[in-house]
Amino acid sequence: MNMVAVQNLKKTYGNVPAVDGVSFEIARGEIWGLLGPNGAGKSTTISVVATLLKPTAGDVLVQGKSVTREPARVRPLIGLVPQDVALYPSLSARENLLFFGRMQGLGGRALHVRTDEVLEITGLAERAGDRVATFSGGMKRRINIGVGLMHKPALLILDEPTVGIDPQSRRHILDTVKHLNTEGMTVLYTSHYMEEVEYLCDRLGIMDHGRLIAQGRKEELIRLVGRRERLEVRIEGLSAAALGDLRALPGVEEAAYQEDRLSIVSGEASGVLSAVLARVQRTGSRVKAVVIREPDLESVFLHLTGKELRD
């Protein structure tokens with residue numbers, strides 16, 4: 001039996017579909033990544049998995065238990081770490097963990113033992129008595145993860161857990177997730193950071209506009225792109241007309257521009273490089289840097305949607 005089975009899940013708000021027919025399965029003991037831009041439907045999907053939202057249609061089974069028919073039996077199986085930090089800032093790290101541990105049914109010596117364990121896991125044992133209000137953003141997110149771990153869930157759900165934090169805290173969180181997984185915990189991890197999903201996940205799904213547009217192992221998804229390369233040009237002020245001209249160049253299969261980065265997908269990026277740069281220079285824009293990349297998950301996303309993951 002899989003840990004999670006999402007079955008033709010739909011969630012609409014009025015006439016607007018936030019999740020539109022999503023299906024996937026998560027095996028026991030794997031890290032499954034949900035990759036997509038902000039607004040793709042990732043948070044709505046996991047809110048249904050975590051029994052926080054009722055689906056408009058479809059169902060989710062967690063260890064064979066239905067989130068629609070028996071949510072009370074599903075909740076003890078899940079540790080949810082929301083995108084927005086949910087802590088009491090006036091309480092210490094230890095007091096937060098004790099409070100939420102009691103909410104999850106822990107008590108007595110077991111509660112205090114588990115609190116000490118989670119403080120060690122999150123790397124905050126030395127700050128256990130400090131008020132959360134004094135913590136950095138990264139430290140708050142680590143305690144937020146600790147709350148989700150208190151009852152030793154079978155499934156840990158992490159919704160964009162590294163947004164807006166420093167690189168050191170981000171690395172600590174990623175390494176913590178890896179370590180928890182090696183100890184047998186199943187993880188559902190959502191992000192719009194491609195490199196995090198590449199580092200952590202056994203398998204992943206790519207969402208856009210409420211639909212799961214591809215899923216599988218990283219190597220399987222990259223094969224969708226074939227052997228095409230990606231040419232990245234950092235450039236100031238490229239107009240929509242100039243982007244259209246670039247898309248019409250021979251050998252250019254896809255082109256997108258976001259902020260100061262132009263991405264060109266081609267069977268041989270080096271072969272179109274001179275033509276792309278010549279066309280860019282005609283616009284009067286200044287080229288800052290040029291990089292040619294082998295196919296990766298961002299190439300897959302651009303191939304499937306015609307836009308970059310950052311859009």
# chains A, B, ... in the order shown; residues from 1 in each chain; ligands from 1
call {"tool": "residues_around", "arguments": {"residues": "range 154-156 of chain A", "least_positions_apart": "2", "cutoff": "7 Å", "atoms": "only C-alpha atoms", "output": "mmCIF file with N, CA and C atoms, in the first residue's frame"}}
result
data_model
loop_
_atom_site.group_PDB
_atom_site.id
_atom_site.type_symbol
_atom_site.label_atom_id
_atom_site.label_comp_id
_atom_site.auth_asym_id
_atom_site.auth_seq_id
_atom_site.Cartn_x
_atom_site.Cartn_y
_atom_site.Cartn_z
ATOM 1 N N LEU A 77 -1.823 10.850 11.436
ATOM 2 C CA LEU A 77 -0.765 10.295 10.585
ATOM 3 C C LEU A 77 0.108 11.377 9.970
ATOM 4 N N ILE A 78 -0.351 12.636 10.044
ATOM 5 C CA ILE A 78 0.259 13.714 9.275
ATOM 6 C C ILE A 78 0.900 14.752 10.186
ATOM 7 N N GLY A 79 2.103 15.184 9.815
ATOM 8 C CA GLY A 79 2.719 16.364 10.398
ATOM 9 C C GLY A 79 2.766 17.437 9.328
ATOM 10 N N LEU A 80 2.045 18.531 9.553
ATOM 11 C CA LEU A 80 1.946 19.594 8.557
ATOM 12 C C LEU A 80 2.787 20.793 8.972
ATOM 13 N N LYS A 152 5.700 12.313 15.830
ATOM 14 C CA LYS A 152 6.333 11.312 14.966
ATOM 15 C C LYS A 152 5.370 10.857 13.859
ATOM 16 N N LEU A 158 5.599 19.432 3.970
ATOM 17 C CA LEU A 158 6.320 20.701 4.073
ATOM 18 C C LEU A 158 5.911 21.595 2.913
ATOM 19 N N MET A 185 10.908 8.271 7.378
ATOM 20 C CA MET A 185 9.746 9.147 7.271
ATOM 21 C C MET A 185 9.428 9.452 5.809
ATOM 22 N N THR A 186 8.158 9.381 5.456
ATOM 23 C CA THR A 186 7.694 9.770 4.129
ATOM 24 C C THR A 186 7.463 11.270 4.118
ATOM 25 N N VAL A 187 7.874 11.951 3.044
ATOM 26 C CA VAL A 187 7.800 13.408 2.985
ATOM 27 C C VAL A 187 7.129 13.849 1.688
ATOM 28 N N LEU A 188 6.195 14.783 1.821
ATOM 29 C CA LEU A 188 5.625 15.496 0.680
ATOM 30 C C LEU A 188 6.147 16.926 0.762
#
call {"tool": "select_by_dssp", "arguments": {"residues": "range 48-172 of chain A", "states": "alpha helix (DSSP H)", "output": "PyMOL selection string"}}
result
chain A and resi 48-49+71-74+93-103+108-121+137-149+167-172
call {"tool": "write_last_selection", "arguments": {"atoms": "N, CA and C atoms", "output": "compact mmCIF listing (two decimals), in the first residue's frame"}}
result
# COMPACT_ATOMS: atom_id res chain seq x y z
N VAL A 48 -5.73 19.91 1.14
CA VAL A 48 -6.71 18.83 1.05
C VAL A 48 -6.11 17.54 1.63
N VAL A 49 -4.86 17.25 1.27
CA VAL A 49 -4.21 16.05 1.81
C VAL A 49 -4.19 16.08 3.33
N PRO A 71 -11.59 11.89 8.12
CA PRO A 71 -10.48 12.81 8.36
C PRO A 71 -9.87 12.68 9.76
N ALA A 72 -10.68 12.33 10.75
CA ALA A 72 -10.16 12.21 12.12
C ALA A 72 -9.14 11.08 12.23
N ARG A 73 -9.23 10.08 11.36
CA ARG A 73 -8.26 8.99 11.38
C ARG A 73 -7.00 9.34 10.56
N VAL A 74 -7.13 10.31 9.68
CA VAL A 74 -6.00 10.72 8.86
C VAL A 74 -5.08 11.68 9.62
N ALA A 93 10.96 28.52 22.55
CA ALA A 93 10.93 27.39 21.62
C ALA A 93 10.40 26.15 22.32
N ARG A 94 10.90 25.89 23.54
CA ARG A 94 10.45 24.72 24.29
C ARG A 94 8.95 24.80 24.61
N GLU A 95 8.50 25.97 25.04
CA GLU A 95 7.09 26.13 25.40
C GLU A 95 6.18 25.93 24.19
N ASN A 96 6.61 26.39 23.01
CA ASN A 96 5.84 26.15 21.80
C ASN A 96 5.73 24.66 21.52
N LEU A 97 6.84 23.95 21.60
CA LEU A 97 6.82 22.52 21.32
C LEU A 97 5.98 21.77 22.35
N LEU A 98 6.07 22.14 23.61
CA LEU A 98 5.26 21.50 24.65
C LEU A 98 3.77 21.73 24.40
N PHE A 99 3.43 22.97 24.05
CA PHE A 99 2.02 23.30 23.79
C PHE A 99 1.47 22.47 22.63
N PHE A 100 2.18 22.51 21.50
CA PHE A 100 1.67 21.80 20.33
C PHE A 100 1.75 20.29 20.51
N GLY A 101 2.73 19.82 21.29
CA GLY A 101 2.79 18.39 21.59
C GLY A 101 1.56 17.94 22.36
N ARG A 102 1.12 18.75 23.33
CA ARG A 102 -0.11 18.41 24.06
C ARG A 102 -1.32 18.41 23.12
N MET A 103 -1.35 19.38 22.20
CA MET A 103 -2.45 19.43 21.22
C MET A 103 -2.48 18.16 20.37
N GLY A 108 2.97 13.89 29.84
CA GLY A 108 3.87 13.26 30.79
C GLY A 108 5.32 13.30 30.34
N ARG A 109 6.06 12.29 30.75
CA ARG A 109 7.49 12.22 30.44
C ARG A 109 7.73 12.10 28.94
N ALA A 110 6.86 11.39 28.25
CA ALA A 110 7.02 11.21 26.80
C ALA A 110 7.02 12.55 26.08
N LEU A 111 6.20 13.49 26.54
CA LEU A 111 6.13 14.81 25.92
C LEU A 111 7.47 15.54 26.09
N HIS A 112 8.04 15.50 27.28
CA HIS A 112 9.29 16.21 27.53
C HIS A 112 10.47 15.54 26.82
N VAL A 113 10.46 14.23 26.76
CA VAL A 113 11.52 13.52 26.04
C VAL A 113 11.47 13.88 24.56
N ARG A 114 10.28 13.87 23.99
CA ARG A 114 10.14 14.18 22.56
C ARG A 114 10.49 15.64 22.28
N THR A 115 10.16 16.54 23.19
CA THR A 115 10.53 17.95 23.01
C THR A 115 12.04 18.10 22.93
N ASP A 116 12.76 17.42 23.81
CA ASP A 116 14.22 17.47 23.78
C ASP A 116 14.76 16.89 22.47
N GLU A 117 14.15 15.80 22.01
CA GLU A 117 14.59 15.20 20.74
C GLU A 117 14.40 16.16 19.58
N VAL A 118 13.25 16.83 19.54
CA VAL A 118 12.95 17.73 18.43
C VAL A 118 13.84 18.97 18.48
N LEU A 119 14.16 19.45 19.65
CA LEU A 119 15.09 20.58 19.76
C LEU A 119 16.46 20.20 19.20
N GLU A 120 16.88 18.96 19.42
CA GLU A 120 18.14 18.49 18.84
C GLU A 120 18.03 18.37 17.33
N ILE A 121 16.93 17.81 16.85
CA ILE A 121 16.74 17.63 15.41
C ILE A 121 16.80 18.98 14.69
N GLY A 137 14.29 34.57 11.03
CA GLY A 137 13.29 33.90 10.22
C GLY A 137 13.59 32.43 10.01
N GLY A 138 14.88 32.11 9.80
CA GLY A 138 15.25 30.72 9.60
C GLY A 138 15.04 29.88 10.84
N MET A 139 15.34 30.43 12.01
CA MET A 139 15.15 29.69 13.26
C MET A 139 13.67 29.45 13.53
N LYS A 140 12.84 30.44 13.21
CA LYS A 140 11.39 30.27 13.38
C LYS A 140 10.88 29.13 12.49
N ARG A 141 11.40 29.06 11.27
CA ARG A 141 10.96 28.00 10.37
C ARG A 141 11.41 26.63 10.86
N ARG A 142 12.59 26.58 11.50
CA ARG A 142 13.05 25.31 12.03
C ARG A 142 12.18 24.83 13.19
N ILE A 143 11.78 25.75 14.07
CA ILE A 143 10.86 25.36 15.14
C ILE A 143 9.49 25.01 14.56
N ASN A 144 9.09 25.70 13.51
CA ASN A 144 7.83 25.38 12.83
C ASN A 144 7.84 23.94 12.33
N ILE A 145 8.98 23.50 11.80
CA ILE A 145 9.13 22.11 11.38
C ILE A 145 9.08 21.20 12.60
N GLY A 146 9.72 21.64 13.69
CA GLY A 146 9.70 20.85 14.91
C GLY A 146 8.30 20.56 15.42
N VAL A 147 7.41 21.52 15.30
CA VAL A 147 6.02 21.32 15.71
C VAL A 147 5.40 20.17 14.93
N GLY A 148 5.69 20.12 13.64
CA GLY A 148 5.14 19.06 12.80
C GLY A 148 5.72 17.69 13.09
N LEU A 149 6.84 17.66 13.80
CA LEU A 149 7.52 16.39 14.09
C LEU A 149 7.18 15.81 15.46
N PRO A 167 20.76 31.45 3.78
CA PRO A 167 21.29 30.21 3.19
C PRO A 167 21.66 29.15 4.22
N GLN A 168 22.18 29.55 5.38
CA GLN A 168 22.58 28.58 6.40
C GLN A 168 21.37 27.82 6.94
N SER A 169 20.28 28.56 7.24
CA SER A 169 19.07 27.90 7.74
C SER A 169 18.44 27.03 6.65
N ARG A 170 18.52 27.51 5.43
CA ARG A 170 17.97 26.73 4.32
C ARG A 170 18.69 25.39 4.20
N ARG A 171 20.01 25.41 4.27
CA ARG A 171 20.78 24.17 4.18
C ARG A 171 20.47 23.26 5.34
N HIS A 172 20.30 23.82 6.54
CA HIS A 172 19.97 23.00 7.71
C HIS A 172 18.63 22.31 7.51
call {"tool": "residues_around", "arguments": {"residues": "Asn2 in chain A", "least_positions_apart": "3", "cutoff": "8 Å", "atoms": "only C-alpha atoms", "output": "ChimeraX atom specification"}}
result
/A:5,25-28,62-64
call {"tool": "residues_around", "arguments": {"residues": "range 246-261 of chain A", "least_positions_apart": "6", "cutoff": "10 Å", "atoms": "only C-alpha atoms", "output": "VMD selection string"}}
result
chain A and resid 228 230 to 240 267 to 269 271 to 273 275 to 277 279 to 280 287 to 290 299 302 to 303 306 to 311
call {"tool": "residues_around", "arguments": {"residues": "Lys10 in chain A", "least_positions_apart": "5", "cutoff": "10 Å", "atoms": "only C-alpha atoms", "output": "list in words"}}
result
Pro17, Ala18, Val19, Asp20, Gly21, Val22, Ser23, Thr44, Thr45, Val48, Lys54, Pro55, Thr56, Ala57, Gly58, Asp59, Gly210 and Arg211 of chain A
call {"tool": "atom_distance", "arguments": {"atom1": "CA of Leu297 in chain A", "atom2": "CA of Leu221 in chain A"}}
result
7.4 Å
call {"tool": "residues_around", "arguments": {"residues": "Ser90 in chain A", "least_positions_apart": "2", "cutoff": "12 Å", "atoms": "only C-alpha atoms", "output": "PyMOL selection string"}}
result
chain A and resi 87-88+92-96+129-135
